[in-house]
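K.L.:
My structure is in query05.cif, and what it holds is mmCIF, C-alpha atoms:
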```
data_data
#
loop_
_atom_site.group_PDB
_atom_site.id
_atom_site.type_symbol
_atom_site.label_atom_id
_atom_site.label_comp_id
_atom_site.auth_asym_id
_atom_site.auth_seq_id
_atom_site.Cartn_x
_atom_site.Cartn_y
_atom_site.Cartn_z
ATOM 1 C CA MET C 1 0.000 0.000 0.000
ATOM 2 C CA LYS C 2 2.813 2.388 0.942
ATOM 3 C CA GLU C 3 4.557 1.605 -2.348
ATOM 4 C CA LEU C 4 1.352 2.392 -4.268
ATOM 5 C CA PHE C 5 0.986 5.805 -2.637
ATOM 6 C CA THR C 6 4.665 6.469 -3.297
ATOM 7 C CA ASN C 7 4.121 5.676 -6.976
ATOM 8 C CA VAL C 8 1.115 8.021 -7.065
ATOM 9 C CA ALA C 9 3.169 10.835 -5.520
ATOM 10 C CA GLU C 10 6.074 10.278 -7.917
ATOM 11 C CA HIS C 11 3.829 10.271 -10.986
ATOM 12 C CA ALA C 12 1.228 12.805 -9.841
ATOM 13 C CA LEU C 13 0.892 14.534 -13.213
ATOM 14 C CA TYR C 14 0.488 11.250 -15.042
ATOM 15 C CA VAL C 15 -2.098 10.033 -12.510
ATOM 16 C CA ALA C 16 -3.992 13.320 -12.895
ATOM 17 C CA GLY C 17 -4.041 12.781 -16.665
ATOM 18 C CA PHE C 18 -5.241 9.215 -16.090
ATOM 19 C CA PHE C 19 -8.184 10.502 -14.039
ATOM 20 C CA GLY C 20 -8.878 13.069 -16.758
ATOM 21 C CA VAL C 21 -9.289 10.244 -19.281
ATOM 22 C CA ILE C 22 -11.593 8.400 -16.868
ATOM 23 C CA VAL C 23 -13.792 11.475 -16.334
ATOM 24 C CA LEU C 24 -14.071 12.138 -20.085
ATOM 25 C CA LEU C 25 -15.026 8.539 -20.896
ATOM 26 C CA PHE C 26 -17.503 8.399 -18.025
ATOM 27 C CA ALA C 27 -19.126 11.683 -19.101
ATOM 28 C CA ALA C 28 -19.418 10.399 -22.677
ATOM 29 C CA ALA C 29 -20.961 7.142 -21.397
ATOM 30 C CA VAL C 30 -23.536 9.009 -19.284
ATOM 31 C CA LEU C 31 -24.548 11.278 -22.193
ATOM 32 C CA LEU C 32 -24.897 8.331 -24.593
ATOM 33 C CA GLU C 33 -26.857 6.323 -22.020
ATOM 34 C CA LYS C 34 -29.244 9.234 -21.465
ATOM 35 C CA ALA C 35 -29.739 9.495 -25.238
ATOM 36 C CA ALA C 36 -30.536 5.772 -25.434
ATOM 37 C CA ARG C 37 -33.003 6.055 -22.538
ATOM 38 C CA LYS C 38 -34.657 9.087 -24.098
ATOM 39 C CA LYS C 39 -35.159 7.104 -27.297
ATOM 40 C CA ALA C 40 -36.663 4.240 -25.280
ATOM 41 C CA GLY C 41 -38.899 6.566 -23.263
ATOM 42 C CA GLY C 42 -37.127 6.018 -19.933
ATOM 43 C CA VAL C 43 -35.837 9.548 -19.312
ATOM 44 C CA GLY C 44 -36.889 9.674 -15.662
ATOM 45 C CA GLU C 45 -35.004 6.539 -14.624
ATOM 46 C CA PRO C 46 -31.775 7.309 -12.693
ATOM 47 C CA ILE C 47 -28.425 6.294 -14.191
ATOM 48 C CA PHE C 48 -27.400 4.741 -10.865
ATOM 49 C CA HIS C 49 -29.511 3.244 -8.103
ATOM 50 C CA THR C 50 -28.763 1.207 -4.995
ATOM 51 C CA ARG C 51 -28.913 -2.281 -6.483
ATOM 52 C CA LYS C 52 -27.000 -1.249 -9.586
ATOM 53 C CA ILE C 53 -24.164 0.146 -7.444
ATOM 54 C CA ALA C 54 -24.025 -3.136 -5.514
ATOM 55 C CA VAL C 55 -23.891 -5.203 -8.720
ATOM 56 C CA ILE C 56 -21.246 -2.876 -10.190
ATOM 57 C CA GLY C 57 -19.103 -3.491 -7.113
ATOM 58 C CA MET C 58 -19.576 -7.273 -7.339
ATOM 59 C CA PHE C 59 -18.838 -7.478 -11.084
ATOM 60 C CA SER C 60 -15.818 -5.165 -10.668
ATOM 61 C CA ALA C 61 -14.403 -7.448 -7.958
ATOM 62 C CA VAL C 62 -14.833 -10.526 -10.169
ATOM 63 C CA SER C 63 -13.182 -8.639 -13.032
ATOM 64 C CA ALA C 64 -10.234 -7.586 -10.844
ATOM 65 C CA ILE C 65 -9.706 -11.220 -9.775
ATOM 66 C CA LEU C 66 -9.807 -12.369 -13.418
ATOM 67 C CA MET C 67 -7.261 -9.675 -14.247
ATOM 68 C CA LEU C 68 -4.797 -11.331 -11.868
ATOM 69 C CA PHE C 69 -4.898 -14.513 -13.960
ATOM 70 C CA GLU C 70 -2.850 -13.546 -17.002
ATOM 71 C CA PHE C 71 -1.719 -15.973 -19.675
ATOM 72 C CA PRO C 72 1.397 -15.539 -21.835
ATOM 73 C CA ILE C 73 0.866 -15.708 -25.565
ATOM 74 C CA PRO C 74 3.340 -17.486 -27.851
ATOM 75 C CA PHE C 75 3.314 -14.901 -30.659
ATOM 76 C CA ALA C 76 4.340 -11.746 -28.706
ATOM 77 C CA PRO C 77 6.992 -10.632 -26.160
ATOM 78 C CA GLY C 78 6.463 -11.527 -22.503
ATOM 79 C CA PHE C 79 5.028 -8.187 -21.373
ATOM 80 C CA TYR C 80 1.890 -8.948 -23.419
ATOM 81 C CA LYS C 81 -0.525 -11.140 -21.477
ATOM 82 C CA LEU C 82 -4.057 -12.363 -22.133
ATOM 83 C CA ASP C 83 -6.761 -12.017 -19.485
ATOM 84 C CA PHE C 84 -10.554 -12.205 -19.517
ATOM 85 C CA SER C 85 -11.380 -9.398 -17.089
ATOM 86 C CA GLU C 86 -13.701 -7.746 -19.628
ATOM 87 C CA LEU C 87 -16.177 -10.665 -19.429
ATOM 88 C CA PRO C 88 -18.127 -9.641 -16.280
ATOM 89 C CA ILE C 89 -17.867 -5.994 -17.331
ATOM 90 C CA LEU C 90 -19.462 -6.607 -20.729
ATOM 91 C CA ILE C 91 -22.265 -8.601 -19.081
ATOM 92 C CA GLY C 92 -22.800 -5.823 -16.539
ATOM 93 C CA ALA C 93 -22.697 -3.118 -19.219
ATOM 94 C CA PHE C 94 -25.322 -4.950 -21.282
ATOM 95 C CA ALA C 95 -27.556 -5.195 -18.211
ATOM 96 C CA TYR C 96 -26.980 -1.731 -16.708
ATOM 97 C CA GLY C 97 -25.653 0.499 -19.490
ATOM 98 C CA PRO C 98 -22.457 2.160 -20.763
ATOM 99 C CA ALA C 99 -21.917 4.325 -17.659
ATOM 100 C CA ALA C 100 -21.851 1.194 -15.493
ATOM 101 C CA GLY C 101 -19.382 -0.362 -17.943
ATOM 102 C CA VAL C 102 -16.897 2.517 -17.667
ATOM 103 C CA MET C 103 -17.356 2.590 -13.879
ATOM 104 C CA MET C 104 -16.584 -1.142 -13.652
ATOM 105 C CA GLU C 105 -13.444 -0.706 -15.773
ATOM 106 C CA PHE C 106 -12.262 2.015 -13.386
ATOM 107 C CA ILE C 107 -13.044 0.061 -10.203
ATOM 108 C CA LYS C 108 -11.359 -3.017 -11.691
ATOM 109 C CA ILE C 109 -8.114 -1.063 -12.201
ATOM 110 C CA LEU C 110 -8.415 0.503 -8.732
ATOM 111 C CA LEU C 111 -8.846 -2.898 -7.074
ATOM 112 C CA LYS C 112 -5.972 -4.350 -9.101
ATOM 113 C CA LEU C 113 -3.697 -1.514 -7.944
ATOM 114 C CA PHE C 114 -4.575 -2.176 -4.283
ATOM 115 C CA LEU C 115 -4.131 -5.941 -4.705
ATOM 116 C CA LYS C 116 -1.023 -5.996 -6.866
ATOM 117 C CA GLY C 117 0.281 -2.447 -7.237
ATOM 118 C CA THR C 118 1.815 -1.223 -10.478
ATOM 119 C CA SER C 119 5.018 -2.355 -12.121
ATOM 120 C CA THR C 120 4.679 0.043 -15.060
ATOM 121 C CA ALA C 121 4.265 3.432 -13.324
ATOM 122 C CA PHE C 122 0.544 3.265 -14.244
ATOM 123 C CA VAL C 123 1.256 3.089 -17.989
ATOM 124 C CA GLY C 124 0.022 -0.500 -18.308
ATOM 125 C CA ASP C 125 -2.966 0.270 -16.078
ATOM 126 C CA LEU C 126 -4.031 3.203 -18.250
ATOM 127 C CA ALA C 127 -3.598 0.995 -21.318
ATOM 128 C CA ASN C 128 -5.774 -1.739 -19.819
ATOM 129 C CA PHE C 129 -8.486 0.781 -18.895
ATOM 130 C CA ALA C 130 -8.454 2.581 -22.257
ATOM 131 C CA VAL C 131 -8.346 -0.579 -24.371
ATOM 132 C CA GLY C 132 -11.033 -2.218 -22.234
ATOM 133 C CA CYS C 133 -13.310 0.813 -22.615
ATOM 134 C CA SER C 134 -12.704 0.805 -26.369
ATOM 135 C CA MET C 135 -14.614 -2.500 -26.457
ATOM 136 C CA ILE C 136 -17.099 -2.073 -23.600
ATOM 137 C CA LEU C 137 -18.263 1.460 -24.437
ATOM 138 C CA PRO C 138 -19.208 1.018 -28.117
ATOM 139 C CA ALA C 139 -20.647 -2.471 -27.541
ATOM 140 C CA SER C 140 -22.863 -1.359 -24.641
ATOM 141 C CA VAL C 141 -23.928 1.869 -26.409
ATOM 142 C CA ILE C 142 -25.066 -0.024 -29.524
ATOM 143 C CA TYR C 143 -26.948 -2.524 -27.357
ATOM 144 C CA ALA C 144 -28.508 0.238 -25.212
ATOM 145 C CA PHE C 145 -30.173 1.821 -28.259
ATOM 146 C CA HIS C 146 -31.828 -1.399 -29.383
ATOM 147 C CA LYS C 147 -31.837 -4.425 -27.092
ATOM 148 C CA SER C 148 -32.218 -7.603 -29.122
ATOM 149 C CA LYS C 149 -30.275 -10.790 -29.771
ATOM 150 C CA LYS C 150 -29.213 -9.548 -33.216
ATOM 151 C CA THR C 151 -28.041 -6.210 -31.797
ATOM 152 C CA ALA C 152 -26.094 -8.025 -29.086
ATOM 153 C CA VAL C 153 -24.180 -9.939 -31.770
ATOM 154 C CA VAL C 154 -23.589 -6.757 -33.799
ATOM 155 C CA SER C 155 -22.452 -4.840 -30.706
ATOM 156 C CA CYS C 156 -19.974 -7.578 -29.724
ATOM 157 C CA ILE C 157 -18.514 -7.666 -33.237
ATOM 158 C CA ALA C 158 -18.258 -3.863 -33.337
ATOM 159 C CA GLY C 159 -16.677 -3.726 -29.870
ATOM 160 C CA THR C 160 -14.111 -6.394 -30.759
ATOM 161 C CA LEU C 161 -13.137 -4.679 -34.029
ATOM 162 C CA ILE C 162 -12.918 -1.235 -32.409
ATOM 163 C CA MET C 163 -10.804 -2.616 -29.569
ATOM 164 C CA THR C 164 -8.510 -4.314 -32.080
ATOM 165 C CA VAL C 165 -8.009 -1.147 -34.137
ATOM 166 C CA PHE C 166 -7.743 1.187 -31.128
ATOM 167 C CA GLY C 167 -5.505 -1.187 -29.166
ATOM 168 C CA SER C 168 -3.118 -1.542 -32.100
ATOM 169 C CA ALA C 169 -2.972 2.219 -32.709
ATOM 170 C CA PHE C 170 -2.609 2.962 -28.978
ATOM 171 C CA ASN C 171 0.306 0.535 -28.728
ATOM 172 C CA ALA C 172 2.025 1.991 -31.781
ATOM 173 C CA VAL C 173 1.619 5.653 -30.827
ATOM 174 C CA TYR C 174 1.888 5.573 -27.039
ATOM 175 C CA LEU C 175 2.367 2.275 -25.218
ATOM 176 C CA LEU C 176 5.397 0.803 -27.003
ATOM 177 C CA PRO C 177 7.405 4.087 -26.896
ATOM 178 C CA ALA C 178 6.480 4.471 -23.196
ATOM 179 C CA PHE C 179 7.635 0.941 -22.353
ATOM 180 C CA SER C 180 10.826 1.494 -24.340
ATOM 181 C CA VAL C 181 11.695 4.541 -22.222
ATOM 182 C CA MET C 182 10.483 3.050 -18.930
ATOM 183 C CA PHE C 183 12.422 -0.217 -19.157
ATOM 184 C CA HIS C 184 15.415 1.318 -20.959
ATOM 185 C CA MET C 185 14.852 -1.112 -23.800
ATOM 186 C CA PRO C 186 15.583 0.247 -27.273
ATOM 187 C CA MET C 187 12.675 -0.018 -29.677
ATOM 188 C CA ASP C 188 14.842 -2.114 -32.005
ATOM 189 C CA GLU C 189 15.153 -4.773 -29.281
ATOM 190 C CA ILE C 190 11.377 -4.871 -28.711
ATOM 191 C CA LEU C 191 10.742 -5.246 -32.434
ATOM 192 C CA ALA C 192 13.427 -7.924 -32.727
ATOM 193 C CA ALA C 193 11.843 -9.869 -29.850
ATOM 194 C CA GLY C 194 8.509 -9.762 -31.662
ATOM 195 C CA ARG C 195 10.026 -10.877 -34.930
ATOM 196 C CA ALA C 196 11.851 -13.772 -33.239
ATOM 197 C CA LEU C 197 8.530 -15.084 -31.869
ATOM 198 C CA ASN C 198 6.152 -14.264 -34.689
ATOM 199 C CA PRO C 199 6.838 -15.276 -38.318
ATOM 200 C CA LEU C 200 3.966 -13.026 -39.463
ATOM 201 C CA MET C 201 6.066 -10.001 -38.538
ATOM 202 C CA THR C 202 7.793 -9.452 -41.873
ATOM 203 C CA ARG C 203 9.939 -6.433 -40.987
ATOM 204 C CA ASP C 204 11.263 -4.554 -37.962
ATOM 205 C CA SER C 205 8.677 -1.781 -37.764
ATOM 206 C CA ILE C 206 6.097 -0.761 -35.176
ATOM 207 C CA VAL C 207 3.291 -1.156 -37.721
ATOM 208 C CA SER C 208 4.349 -4.709 -38.518
ATOM 209 C CA PHE C 209 4.705 -5.456 -34.778
ATOM 210 C CA VAL C 210 1.200 -4.313 -33.817
ATOM 211 C CA ILE C 211 -0.396 -6.054 -36.823
ATOM 212 C CA ALA C 212 1.330 -9.378 -36.081
ATOM 213 C CA CYS C 213 1.427 -9.330 -32.257
ATOM 214 C CA VAL C 214 -1.061 -6.848 -30.786
ATOM 215 C CA ALA C 215 -4.022 -7.104 -33.166
ATOM 216 C CA PRO C 216 -4.355 -10.932 -32.844
ATOM 217 C CA LEU C 217 -4.211 -10.643 -29.033
ATOM 218 C CA ASN C 218 -7.116 -8.171 -28.986
ATOM 219 C CA LEU C 219 -9.057 -10.227 -31.536
ATOM 220 C CA ILE C 220 -8.675 -13.374 -29.420
ATOM 221 C CA LYS C 221 -9.664 -11.542 -26.239
ATOM 222 C CA GLY C 222 -12.627 -9.719 -27.803
ATOM 223 C CA THR C 223 -13.922 -12.815 -29.584
ATOM 224 C CA SER C 224 -13.631 -15.022 -26.477
ATOM 225 C CA VAL C 225 -15.326 -12.479 -24.209
ATOM 226 C CA SER C 226 -18.065 -11.874 -26.794
ATOM 227 C CA LEU C 227 -18.829 -15.560 -27.316
ATOM 228 C CA VAL C 228 -19.102 -16.303 -23.602
ATOM 229 C CA THR C 229 -21.224 -13.173 -23.045
ATOM 230 C CA LEU C 230 -23.617 -14.129 -25.833
ATOM 231 C CA LEU C 231 -23.927 -17.640 -24.389
ATOM 232 C CA ILE C 232 -24.599 -16.717 -20.760
ATOM 233 C CA TYR C 233 -26.156 -13.227 -20.850
ATOM 234 C CA LYS C 234 -29.667 -14.411 -21.740
ATOM 235 C CA PRO C 235 -29.861 -16.951 -18.855
ATOM 236 C CA LEU C 236 -28.437 -14.322 -16.460
ATOM 237 C CA SER C 237 -30.621 -11.469 -17.728
ATOM 238 C CA PRO C 238 -33.782 -12.364 -15.727
ATOM 239 C CA ILE C 239 -31.727 -12.449 -12.517
ATOM 240 C CA LEU C 240 -30.065 -9.103 -13.256
ATOM 241 C CA LYS C 241 -33.352 -7.477 -14.257
ATOM 242 C CA ALA C 242 -35.294 -8.904 -11.295
ATOM 243 C CA GLY C 243 -33.762 -6.258 -9.049
ATOM 244 C CA LYS C 244 -34.957 -3.521 -11.385
ATOM 245 C CA ARG C 245 -38.537 -4.798 -11.142
ATOM 246 C CA VAL C 246 -38.326 -5.023 -7.325
ATOM 247 C CA GLU C 247 -37.052 -1.434 -7.074
ATOM 248 C CA ALA C 248 -39.729 -0.224 -9.465
ATOM 249 C CA ARG C 249 -42.472 -1.849 -7.309
ATOM 250 C CA GLN C 250 -40.937 -0.350 -4.166
ATOM 251 C CA LYS C 251 -41.004 3.120 -5.688
ATOM 252 C CA GLN C 252 -44.606 2.664 -6.819
ATOM 253 C CA GLY C 253 -45.603 1.422 -3.360
#
```
Rewrite the structure from the file as C-alpha cells, please.
P.N.:
Amino acid sequence: MKELFTNVAEHALYVAGFFGVIVLLFAAAVLLEKAARKKAGGVGEPIFHTRKIAVIGMFSAVSAILMLFEFPIPFAPGFYKLDFSELPILIGAFAYGPAAGVMMEFIKILLKLFLKGTSTAFVGDLANFAVGCSMILPASVIYAFHKSKKTAVVSCIAGTLIMTVFGSAFNAVYLLPAFSVMFHMPMDEILAAGRALNPLMTRDSIVSFVIACVAPLNLIKGTSVSLVTLLIYKPLSPILKAGKRVEARQKQG
C-alpha cells in the first residue's frame, strides 16, 4: 500500500491525466446512455440506483480477480498477457448500461492496484483501462439503443473490431514508446523480440509489430469475451433485471 501511494506521488501529473481520461469517458458514457433512454422513453429513470451500485461493485471485484490470472501468448513478447477481465464488465454493461461499464473498468483497475500495485508506473494500467473501454463502451452503447439478440451480436462484433483497431494504434503511438523509455529497452530490441517469436512479422517496424502481435491478441480476447457473453447473458438477464422490477415496485408502493 505504501509503495502504491509512493508511486502516485512520484507520478502525480500522469495520474492526474489518467483521471482526466476516466472522467471524459464516463461523461461520454452518461450522455450516450441518457440518449438511449430518451429514445426508449425512460428519461426519468436514474443512471445509478442502490442495487445497480451493488452489482457494479460485485462485477468489478470478479473482473479484478480475473485480471490477476494472465496468460502468456506465444506470438508476442512476454510483457503482453491475455486475461478475460472484460467478461463480467461486458455482461454488466449490457444489463446496466455504458456508464456502469466505464465505472466497472475504473473500479477493476483501482482494485488491481490495491491488490497488486503497479510495475509500469501506471502506464500499463491506463492501457488496460483505455483498451477495455474501447470494447465495452461502443458495444454497450449499440446494445442500449436497441436491445435484441441480433443487436447483441452486432455490438460484440463492433466492440471487438474497435478494440482491435484502437488497441493496435494505442500501442504503436503511445504504449510501445512508453515501455521502451520506462524499461530502458531500445525499440529495435522490442521489435526484434517480436520478430523472433512471430513469423507473421515481416519487418522490424512498429506497424508490422502491432499487426502481427497486438491485433491478434485483442481479436482473441474480444472474440472469447463476446462468445461467452452471448452464451450466458440471456440466462443471467432475468436475474439481473429482477432487481430492477423489485425497485420499481418499491417506488410505486
K.L.:
Go through C:Tyr174, C:Pro46, C:Ser140, C:Pro72 and flag the residue nearest Ile89 in chain C, using only C-alpha atoms for the distances.
P.N.:
C:Ser140
K.L.:
Tell me which residues the PyMOL selection byres ((chain C and resi 27) around 12) grabs here, as a PDB file with C-alpha atoms, keeping the file's coordinate frame.
P.N.:
```
ATOM      1  CA  GLY C  20      -8.878  13.069 -16.758  1.00  0.00           C
ATOM      2  CA  VAL C  21      -9.289  10.244 -19.281  1.00  0.00           C
ATOM      3  CA  ILE C  22     -11.593   8.400 -16.868  1.00  0.00           C
ATOM      4  CA  VAL C  23     -13.792  11.475 -16.334  1.00  0.00           C
ATOM      5  CA  LEU C  24     -14.071  12.138 -20.085  1.00  0.00           C
ATOM      6  CA  LEU C  25     -15.026   8.539 -20.896  1.00  0.00           C
ATOM      7  CA  PHE C  26     -17.503   8.399 -18.025  1.00  0.00           C
ATOM      8  CA  ALA C  28     -19.418  10.399 -22.677  1.00  0.00           C
ATOM      9  CA  ALA C  29     -20.961   7.142 -21.397  1.00  0.00           C
ATOM     10  CA  VAL C  30     -23.536   9.009 -19.284  1.00  0.00           C
ATOM     11  CA  LEU C  31     -24.548  11.278 -22.193  1.00  0.00           C
ATOM     12  CA  LEU C  32     -24.897   8.331 -24.593  1.00  0.00           C
ATOM     13  CA  GLU C  33     -26.857   6.323 -22.020  1.00  0.00           C
ATOM     14  CA  LYS C  34     -29.244   9.234 -21.465  1.00  0.00           C
ATOM     15  CA  ILE C  47     -28.425   6.294 -14.191  1.00  0.00           C
ATOM     16  CA  PRO C  98     -22.457   2.160 -20.763  1.00  0.00           C
ATOM     17  CA  ALA C  99     -21.917   4.325 -17.659  1.00  0.00           C
ATOM     18  CA  ALA C 100     -21.851   1.194 -15.493  1.00  0.00           C
ATOM     19  CA  VAL C 102     -16.897   2.517 -17.667  1.00  0.00           C
ATOM     20  CA  MET C 103     -17.356   2.590 -13.879  1.00  0.00           C
ATOM     21  CA  LEU C 137     -18.263   1.460 -24.437  1.00  0.00           C
TER      22      LEU C 137
END
```
K.L.:
Write out as JSON an axis-aligned box for range 81-98 of chain C: all of its atoms listed in the file, 5 Å added on each side, centre and edge lengths in Å with one decimal.
P.N.:
```
{"center_x": -14.0, "center_y": -5.1, "center_z": -19.2, "size_x": 37.0, "size_y": 24.5, "size_z": 15.9}
```
K.L.:
Could I get the residues of range 86-114 of chain C with an atom no further than 12 Å from an atom of range 217-226 of chain C, each paired with its nearest atom pair and that distance in Å to one decimal, using all atoms listed in the file, sorted by chain and residue number, as CSV?
P.N.:
```
residue,atom,partner,partner_atom,distance
C:Glu86,CA,C:Val225,CA,6.8
C:Leu87,CA,C:Val225,CA,5.2
C:Pro88,CA,C:Val225,CA,8.9
C:Ile89,CA,C:Val225,CA,9.8
C:Leu90,CA,C:Val225,CA,8.0
C:Ile91,CA,C:Ser226,CA,9.4
C:Phe94,CA,C:Ser226,CA,11.4
```
K.L.:
Closest to Met67 in chain C among C:Ala54, C:Asp204, C:Asp83, C:Thr164, using all atoms listed in the file?
P.N.:
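Result for the nearest residue to Met67 in chain C: C:Asp83.
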K.L.:
Any chance you could resolve the PyMOL selection byres ((chain C and resi 130) around 10) against this file and give the residues as a CSV table (one decimal) with C-alpha atoms, keeping the file's coordinate frame?
P.N.:
```
chain,number,residue,atom,x,y,z
C,18,PHE,CA,-5.2,9.2,-16.1
C,21,VAL,CA,-9.3,10.2,-19.3
C,22,ILE,CA,-11.6,8.4,-16.9
C,25,LEU,CA,-15.0,8.5,-20.9
C,102,VAL,CA,-16.9,2.5,-17.7
C,105,GLU,CA,-13.4,-0.7,-15.8
C,106,PHE,CA,-12.3,2.0,-13.4
C,124,GLY,CA,0.0,-0.5,-18.3
C,125,ASP,CA,-3.0,0.3,-16.1
C,126,LEU,CA,-4.0,3.2,-18.2
C,127,ALA,CA,-3.6,1.0,-21.3
C,128,ASN,CA,-5.8,-1.7,-19.8
C,129,PHE,CA,-8.5,0.8,-18.9
C,131,VAL,CA,-8.3,-0.6,-24.4
C,132,GLY,CA,-11.0,-2.2,-22.2
C,133,CYS,CA,-13.3,0.8,-22.6
C,134,SER,CA,-12.7,0.8,-26.4
C,135,MET,CA,-14.6,-2.5,-26.5
C,136,ILE,CA,-17.1,-2.1,-23.6
C,163,MET,CA,-10.8,-2.6,-29.6
C,166,PHE,CA,-7.7,1.2,-31.1
C,167,GLY,CA,-5.5,-1.2,-29.2
C,170,PHE,CA,-2.6,3.0,-29.0
```
K.L.:
Select, from C:Ala36, C:Ala76, C:Pro238, C:Phe69, the residue with the minimum atom-to-atom distance to Met201 in chain C, counting all atoms listed in the file.
P.N.:
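That would be C:Ala76, the residue with the smallest distance to Met201 in chain C.
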K.L.:
Out of C:Ala196, C:Leu68, C:Val210, C:Ala152, which residue has the shortest atom-to-atom distance to Ala93 in chain C when counting all atoms listed in the file?
P.N.:
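Closest to Ala93 in chain C, using all atoms listed in the file: C:Ala152.
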K.L.:
Between C:Ile107, C:Ala95, C:Met182, C:Leu175, which one has atoms that come closest to Tyr233 in chain C, using all atoms listed in the file?
P.N.:
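Ranked by minimum distance to Tyr233 in chain C, first place goes to C:Ala95.
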